[in-house]
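Trainee: As input, take run10.txt (compact mmCIF, C-alpha atoms):
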```txt
# COMPACT_ATOMS: atom_id res chain seq x y z
CA MET P 1 3.56 -3.13 15.01
CA ILE P 2 1.37 -0.06 14.87
CA THR P 3 -2.33 -0.85 14.52
CA VAL P 4 -5.51 1.19 14.05
CA ASN P 5 -6.33 0.76 17.74
CA LEU P 6 -2.89 2.07 18.78
CA ILE P 7 -3.39 5.12 16.57
CA ILE P 8 -6.83 5.73 18.09
CA GLU P 9 -5.27 5.56 21.57
CA ALA P 10 -2.55 8.01 20.47
CA ILE P 11 -5.16 10.42 19.06
CA ALA P 12 -7.13 10.18 22.31
CA ALA P 13 -3.98 10.95 24.30
CA ALA P 14 -3.23 13.96 22.07
CA LEU P 15 -6.80 15.24 22.52
CA ASN P 16 -6.57 14.77 26.29
CA GLY P 17 -3.26 16.63 26.35
CA GLU P 18 -4.64 19.57 24.34
CA PHE P 19 -8.16 19.90 25.73
CA GLY P 20 -8.02 18.28 29.17
CA GLU P 21 -10.23 15.75 30.84
CA GLU P 22 -13.38 17.89 30.80
CA TYR P 23 -13.84 16.74 27.18
CA ALA P 24 -14.91 13.10 26.84
CA VAL P 25 -13.23 11.08 24.09
CA TYR P 26 -15.08 8.14 22.54
CA ALA P 27 -13.85 5.47 20.15
CA GLU P 28 -16.93 3.24 20.28
CA GLU P 29 -20.54 4.02 19.42
CA VAL P 30 -22.53 5.55 22.25
CA LYS P 31 -26.21 4.57 22.15
CA GLN P 32 -27.27 6.76 25.08
CA GLY P 33 -25.65 9.15 27.52
CA LEU P 34 -23.25 11.04 25.25
CA SER P 35 -21.46 13.48 27.53
CA GLU P 36 -20.97 16.78 25.66
CA PRO P 37 -18.64 18.49 24.89
CA CYS P 38 -16.86 15.46 23.46
CA PHE P 39 -14.81 14.00 20.65
CA PHE P 40 -15.57 10.84 18.71
CA ILE P 41 -12.71 9.07 16.86
CA SER P 42 -13.24 6.71 13.93
CA CYS P 43 -11.04 5.20 11.24
CA ILE P 44 -12.39 5.56 7.71
CA ASN P 45 -11.55 2.98 5.07
CA PRO P 46 -7.99 1.93 6.04
CA SER P 47 -5.95 0.28 3.29
CA ASP P 48 -2.79 -1.77 2.98
CA ARG P 49 -0.98 -2.34 -0.29
CA GLN P 50 2.06 -4.39 -1.06
CA LEU P 51 5.00 -2.63 -2.70
CA MET P 52 6.36 -4.36 -5.74
CA GLY P 53 9.29 -3.39 -7.90
CA ASN P 54 11.57 -4.84 -10.53
CA ALA P 55 14.76 -4.62 -8.51
CA ASN P 56 15.11 -6.88 -5.49
CA ARG P 57 11.55 -8.27 -5.66
CA HIS P 58 12.11 -10.51 -2.66
CA PHE P 59 12.89 -7.58 -0.36
CA LEU P 60 10.02 -5.40 -1.59
CA ALA P 61 7.52 -8.26 -1.31
CA ALA P 62 7.60 -7.84 2.47
CA ARG P 63 7.01 -4.04 2.42
CA TYR P 64 3.53 -2.57 2.58
CA TYR P 65 2.18 0.97 2.57
CA ARG P 66 -0.58 1.42 5.10
CA GLU P 67 -3.02 4.32 4.72
CA ASN P 68 -5.20 5.25 7.70
CA ARG P 69 -7.75 8.06 7.35
CA PHE P 70 -9.38 9.22 10.58
CA CYS P 71 -12.36 11.40 11.35
CA ILE P 72 -12.46 13.16 14.71
CA GLN P 73 -15.91 14.59 15.35
CA TYR P 74 -16.51 17.31 17.92
CA PHE P 75 -19.90 17.72 19.58
CA SER P 76 -20.26 21.14 21.17
CA LEU P 77 -22.11 21.91 24.38
CA ASP P 78 -22.86 25.50 23.30
CA GLU P 79 -25.82 25.47 20.90
CA ASN P 80 -25.74 29.27 20.35
CA ASN P 81 -22.05 29.54 19.39
CA GLY P 82 -21.45 25.99 18.12
CA ARG P 83 -19.97 27.04 14.80
CA ARG P 84 -17.61 29.58 16.34
CA GLU P 85 -16.53 27.16 19.08
CA SER P 86 -16.04 24.35 16.54
CA TYR P 87 -13.81 26.52 14.35
CA ASP P 88 -11.71 27.31 17.42
CA LYS P 89 -11.39 23.59 18.21
CA ALA P 90 -10.44 22.82 14.59
CA GLU P 91 -7.55 25.30 14.76
CA ARG P 92 -6.26 23.58 17.88
CA LEU P 93 -6.70 20.13 16.29
CA PHE P 94 -4.35 21.12 13.45
CA GLY P 95 -1.61 21.61 16.03
CA CYS P 96 -2.19 18.72 18.42
CA LEU P 97 -2.71 16.06 15.71
CA GLU P 98 0.25 17.06 13.52
CA GLU P 99 2.41 14.49 15.31
CA ILE P 100 1.24 11.72 17.62
CA SER P 101 3.14 9.04 19.51
CA ALA P 102 1.96 5.45 18.99
CA ASP P 103 3.86 2.59 20.60
CA GLY P 104 6.97 4.77 20.96
CA ASP P 105 6.96 5.86 17.30
CA ILE P 106 6.13 9.37 16.11
CA ILE P 107 3.59 9.45 13.27
CA ARG P 108 2.97 12.62 11.28
CA GLY P 109 -0.59 13.58 10.39
CA THR P 110 -1.17 14.63 6.78
CA ASP P 111 -4.06 15.72 4.55
CA MET P 112 -5.75 17.57 7.42
CA ASN P 113 -9.03 19.37 6.79
CA PHE P 114 -12.37 19.92 8.49
CA GLU P 115 -16.01 20.66 7.81
CA TYR P 116 -18.88 21.87 9.96
CA THR P 117 -22.23 20.27 9.12
CA ASP P 118 -25.47 20.06 11.12
CA GLY P 119 -23.82 21.35 14.30
CA ILE P 120 -20.98 18.80 14.25
CA LEU P 121 -17.33 19.49 13.46
CA SER P 122 -15.68 16.69 11.44
CA PHE P 123 -11.89 16.91 11.38
CA PHE P 124 -10.03 14.60 8.98
CA VAL P 125 -6.40 13.48 9.24
CA SER P 126 -4.33 10.68 7.68
CA TYR P 127 -1.61 8.69 9.40
CA ASN P 128 0.20 6.76 6.65
CA PHE P 129 3.38 4.73 7.03
CA PHE P 130 5.39 1.78 5.70
CA VAL P 131 5.12 -1.66 7.28
CA TYR P 132 7.70 -4.40 6.91
CA ARG P 133 6.40 -7.91 7.55
CA THR P 134 8.96 -10.60 8.13
CA ARG P 135 8.09 -14.00 6.83
CA GLU P 136 9.26 -17.24 8.32
CA PRO P 137 11.00 -19.43 5.77
CA THR P 138 9.37 -22.73 4.92
CA VAL P 139 11.61 -25.46 6.26
CA MET P 140 11.39 -29.07 5.18
CA GLU P 141 10.88 -31.43 8.05
CA LYS P 142 12.86 -34.34 6.64
CA PHE P 143 15.02 -34.90 3.60
CA GLU P 144 16.44 -38.24 2.52
CA ARG P 145 18.76 -38.99 -0.34
CA ASP P 146 19.86 -42.30 -1.82
CA VAL P 147 23.16 -42.39 -3.64
CA LEU P 148 24.23 -45.30 -5.81
CA ASN P 149 27.96 -45.96 -5.95
CA LYS P 150 29.25 -47.52 -9.17
```
Can I see the file as C-alpha cells?

Mentor:
Amino acid sequence: MITVNLIIEAIAAALNGEFGEEYAVYAEEVKQGLSEPCFFISCINPSDRQLMGNANRHFLAARYYRENRFCIQYFSLDENNGRRESYDKAERLFGCLEEISADGDIIRGTDMNFEYTDGILSFFVSYNFFVYRTREPTVMEKFERDVLNK
C-alpha cells in the first residue's frame, strides 16, 4: 500500500533525477547545518475518507479516498538572484512532479502551484488516490447445535 513516506521517497527520487545530487533533499527537520541549495519535503494535512453509496454498500465500505497535499520548499544559495532562480526551479518542478513512481505505481500530481515568500520558494502538489482495504471476516471459533428428535 502506498504511504506518505513512500510518496516522500518518490518525490525525493524525482527531485534527484531532475536536479542532480548537488541539491540536498530533506524530509526531516534540520536544526543546524542546512546545506544550500536544497529542497525540503513535507506533507500537509493528509486526509482519508470512506466512500459510501446506496448501491452495494458492502463493497464501497472498503474503499477510501486518500488526499495527500505536499509542500516542497526550495532554499536558494544565490541571495542576489534568489527570486529569479526560484522561479526557474518552480518551472522545472511542474514537469518533474507531474508523475512520480511510488512502490511501482505511477501517481499523478494535481493542484500544482507555488509562491515565493521571504526568500523561500514553496511549491505545492497533491497526490490523491483510491485505497481499497480488505477486511478479514469474523469467524466463529466454535458452534454447537442440539437437535431434539420427536

Trainee: At a cut-off of 6 Å, using only C-alpha atoms, what residues contact segment 42-48 of chain P? Leave out same-chain residues fewer than 4 positions from it and give the result as a count of residues only.

Mentor: 7

Trainee: Find the distance between atom CA of Glu22 of chain P and atom CA of Glu79 of chain P and write it in Å to one decimal.

Mentor: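 Value for the atom CA of Glu22 of chain P-atom CA of Glu79 of chain P distance: 17.6 Å.
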
Trainee: To one decimal place, how far is atom CA of Arg49 of chain P from atom CA of Gln73 of chain P in Å?

Mentor: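 Result for atom CA of Arg49 of chain P versus atom CA of Gln73 of chain P: 27.5 Å, one decimal.
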
Trainee: By how many Å are atom CA of Arg108 of chain P and atom CA of Phe75 of chain P apart?

Mentor: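 According to the coordinates, atom CA of Arg108 of chain P and atom CA of Phe75 of chain P are separated by 24.9 Å.
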
Trainee: Could you list, as a list in words, every residue within 9 Å of Thr110 of chain P, counting all atoms listed in the file and ignoring same-chain residues fewer than 3 positions away?

Mentor: Glu98, Val125, Ser126, Tyr127 and Asn128 of chain P

Trainee: In terms of the shortest atom-to-atom distance over all atoms listed in the file, which of P:Ala27, P:Leu15, P:Met52, P:Leu34 is closest to Leu93 of chain P?

Mentor: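 When distances to Leu93 of chain P are compared using all atoms listed in the file, the smallest one comes from P:Leu15.
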
Trainee: For a cut-off of 9 Å around (9.4, -5.3, 10.2), file coordinates, pick out all residues using only C-alpha atoms and list them as a PyMOL selection string.

Mentor: chain P and resi 1+62-63+131-134

Trainee: Which residues come within 7 Å of Tyr74 of chain P, counting all atoms listed in the file, excluding same-chain residues fewer than 4 positions away, as a list in words?

Mentor: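 That gives Cys38, Phe39, Phe40, Ile120, Leu121 and Ser122 of chain P.
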
Trainee: Counting all atoms listed in the file, which residue out of P:Leu77, P:Leu97, P:Ala102, P:Ile7 sits closest to Phe124 of chain P?

Mentor: P:Leu97

Trainee: List every protein, DNA or RNA residue that has at least one atom no more than 6 Å from (-0.5, 12.7, 18.0) in the file's coordinates, counting all atoms listed in the file, and write the result as a tab-separated table (two decimals) with C-alpha atoms, in the coordinates of the input.

Mentor:
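What ended up in result-v7.tsv:
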```
chain	number	residue	atom	x	y	z
P	10	ALA	CA	-2.55	8.01	20.47
P	11	ILE	CA	-5.16	10.42	19.06
P	14	ALA	CA	-3.23	13.96	22.07
P	97	LEU	CA	-2.71	16.06	15.71
P	99	GLU	CA	2.41	14.49	15.31
P	100	ILE	CA	1.24	11.72	17.62
P	101	SER	CA	3.14	9.04	19.51
```

Trainee: Out of P:Asp78, P:Glu18, P:Glu29, P:Glu9, which residue has the shortest atom-to-atom distance to Gly119 of chain P when counting all atoms listed in the file?

Mentor: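 Looking at the shortest contact to Gly119 of chain P, the residue is P:Asp78.
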
Trainee: Can you save segment 112-126 of chain P of the given block to a file, including all heavy atoms and formatted as a short mmCIF file (atom, residue, chain, number, x, y, z; two decimals), in the first residue's frame?

Mentor:
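The file below, decode29.cif, is the result:
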```
data_model
loop_
_atom_site.label_atom_id
_atom_site.label_comp_id
_atom_site.auth_asym_id
_atom_site.auth_seq_id
_atom_site.Cartn_x
_atom_site.Cartn_y
_atom_site.Cartn_z
N MET P 112 -1.15 21.83 -8.71
CA MET P 112 0.20 22.37 -8.51
C MET P 112 0.19 23.89 -8.56
O MET P 112 -0.43 24.48 -9.44
CB MET P 112 1.15 21.83 -9.57
CG MET P 112 1.46 20.37 -9.43
SD MET P 112 2.78 19.86 -10.54
CE MET P 112 1.89 18.80 -11.65
N ASN P 113 0.87 24.51 -7.61
CA ASN P 113 1.09 25.95 -7.62
C ASN P 113 2.29 26.27 -6.74
O ASN P 113 2.80 25.40 -6.03
CB ASN P 113 -0.16 26.72 -7.17
CG ASN P 113 -0.58 26.38 -5.76
OD1 ASN P 113 0.09 25.68 -5.02
ND2 ASN P 113 -1.73 26.88 -5.37
N PHE P 114 2.76 27.51 -6.80
CA PHE P 114 3.90 27.87 -5.97
C PHE P 114 3.79 29.32 -5.54
O PHE P 114 3.03 30.11 -6.11
CB PHE P 114 5.23 27.62 -6.70
CG PHE P 114 5.51 28.54 -7.86
CD1 PHE P 114 6.18 29.74 -7.68
CD2 PHE P 114 5.11 28.20 -9.15
CE1 PHE P 114 6.44 30.58 -8.75
CE2 PHE P 114 5.37 29.02 -10.22
CZ PHE P 114 6.04 30.22 -10.02
N GLU P 115 4.57 29.65 -4.51
CA GLU P 115 4.67 31.03 -4.04
C GLU P 115 6.10 31.27 -3.57
O GLU P 115 6.78 30.34 -3.13
CB GLU P 115 3.67 31.33 -2.94
CG GLU P 115 3.82 30.48 -1.70
CD GLU P 115 2.72 30.72 -0.68
OE1 GLU P 115 1.55 30.86 -1.07
OE2 GLU P 115 3.06 30.76 0.52
N TYR P 116 6.53 32.50 -3.67
CA TYR P 116 7.86 32.89 -3.23
C TYR P 116 7.70 33.93 -2.13
O TYR P 116 7.17 35.01 -2.35
CB TYR P 116 8.66 33.47 -4.42
CG TYR P 116 10.07 33.86 -4.07
CD1 TYR P 116 11.07 32.91 -4.03
CD2 TYR P 116 10.39 35.18 -3.76
CE1 TYR P 116 12.37 33.25 -3.71
CE2 TYR P 116 11.69 35.53 -3.44
CZ TYR P 116 12.68 34.56 -3.41
OH TYR P 116 13.97 34.90 -3.09
N THR P 117 8.11 33.55 -0.90
CA THR P 117 7.93 34.42 0.25
C THR P 117 9.20 34.38 1.11
O THR P 117 9.69 33.29 1.43
CB THR P 117 6.74 33.95 1.11
OG1 THR P 117 5.60 33.79 0.27
CG2 THR P 117 6.42 34.94 2.20
N ASP P 118 9.68 35.56 1.48
CA ASP P 118 10.84 35.68 2.37
C ASP P 118 12.05 34.88 1.89
O ASP P 118 12.75 34.25 2.68
CB ASP P 118 10.48 35.25 3.80
CG ASP P 118 9.40 36.13 4.42
OD1 ASP P 118 9.35 37.33 4.07
OD2 ASP P 118 8.63 35.62 5.25
N GLY P 119 12.28 34.86 0.59
CA GLY P 119 13.45 34.20 0.03
C GLY P 119 13.33 32.69 -0.10
O GLY P 119 14.31 32.01 -0.41
N ILE P 120 12.14 32.14 0.13
CA ILE P 120 11.94 30.69 0.05
C ILE P 120 10.82 30.39 -0.95
O ILE P 120 9.74 30.97 -0.88
CB ILE P 120 11.56 30.10 1.43
CG1 ILE P 120 12.68 30.37 2.44
CG2 ILE P 120 11.28 28.61 1.32
CD1 ILE P 120 12.30 30.04 3.86
N LEU P 121 11.10 29.48 -1.87
CA LEU P 121 10.09 29.00 -2.81
C LEU P 121 9.31 27.87 -2.14
O LEU P 121 9.90 26.94 -1.61
CB LEU P 121 10.75 28.47 -4.08
CG LEU P 121 9.82 27.74 -5.06
CD1 LEU P 121 8.89 28.72 -5.73
CD2 LEU P 121 10.61 26.96 -6.07
N SER P 122 7.99 27.96 -2.14
CA SER P 122 7.13 26.88 -1.65
C SER P 122 6.29 26.39 -2.81
O SER P 122 5.47 27.13 -3.36
CB SER P 122 6.23 27.38 -0.52
OG SER P 122 6.99 27.77 0.59
N PHE P 123 6.52 25.14 -3.20
CA PHE P 123 5.82 24.52 -4.32
C PHE P 123 4.84 23.50 -3.74
O PHE P 123 5.22 22.65 -2.94
CB PHE P 123 6.82 23.83 -5.24
CG PHE P 123 6.22 23.31 -6.51
CD1 PHE P 123 6.18 24.11 -7.63
CD2 PHE P 123 5.70 22.03 -6.58
CE1 PHE P 123 5.62 23.65 -8.82
CE2 PHE P 123 5.14 21.56 -7.75
CZ PHE P 123 5.10 22.37 -8.88
N PHE P 124 3.57 23.59 -4.14
CA PHE P 124 2.53 22.72 -3.61
C PHE P 124 2.03 21.77 -4.68
O PHE P 124 1.83 22.16 -5.83
CB PHE P 124 1.36 23.55 -3.08
CG PHE P 124 1.75 24.52 -2.01
CD1 PHE P 124 2.07 25.84 -2.33
CD2 PHE P 124 1.83 24.12 -0.69
CE1 PHE P 124 2.45 26.74 -1.35
CE2 PHE P 124 2.20 25.01 0.31
CZ PHE P 124 2.52 26.32 -0.02
N VAL P 125 1.82 20.51 -4.29
CA VAL P 125 1.31 19.49 -5.21
C VAL P 125 0.51 18.47 -4.40
O VAL P 125 0.84 18.20 -3.24
CB VAL P 125 2.46 18.81 -6.00
CG1 VAL P 125 3.45 18.15 -5.06
CG2 VAL P 125 1.93 17.83 -7.03
N SER P 126 -0.55 17.94 -5.01
CA SER P 126 -1.38 16.91 -4.36
C SER P 126 -1.21 15.59 -5.09
O SER P 126 -1.19 15.55 -6.32
CB SER P 126 -2.85 17.31 -4.38
OG SER P 126 -3.07 18.45 -3.59
#
```
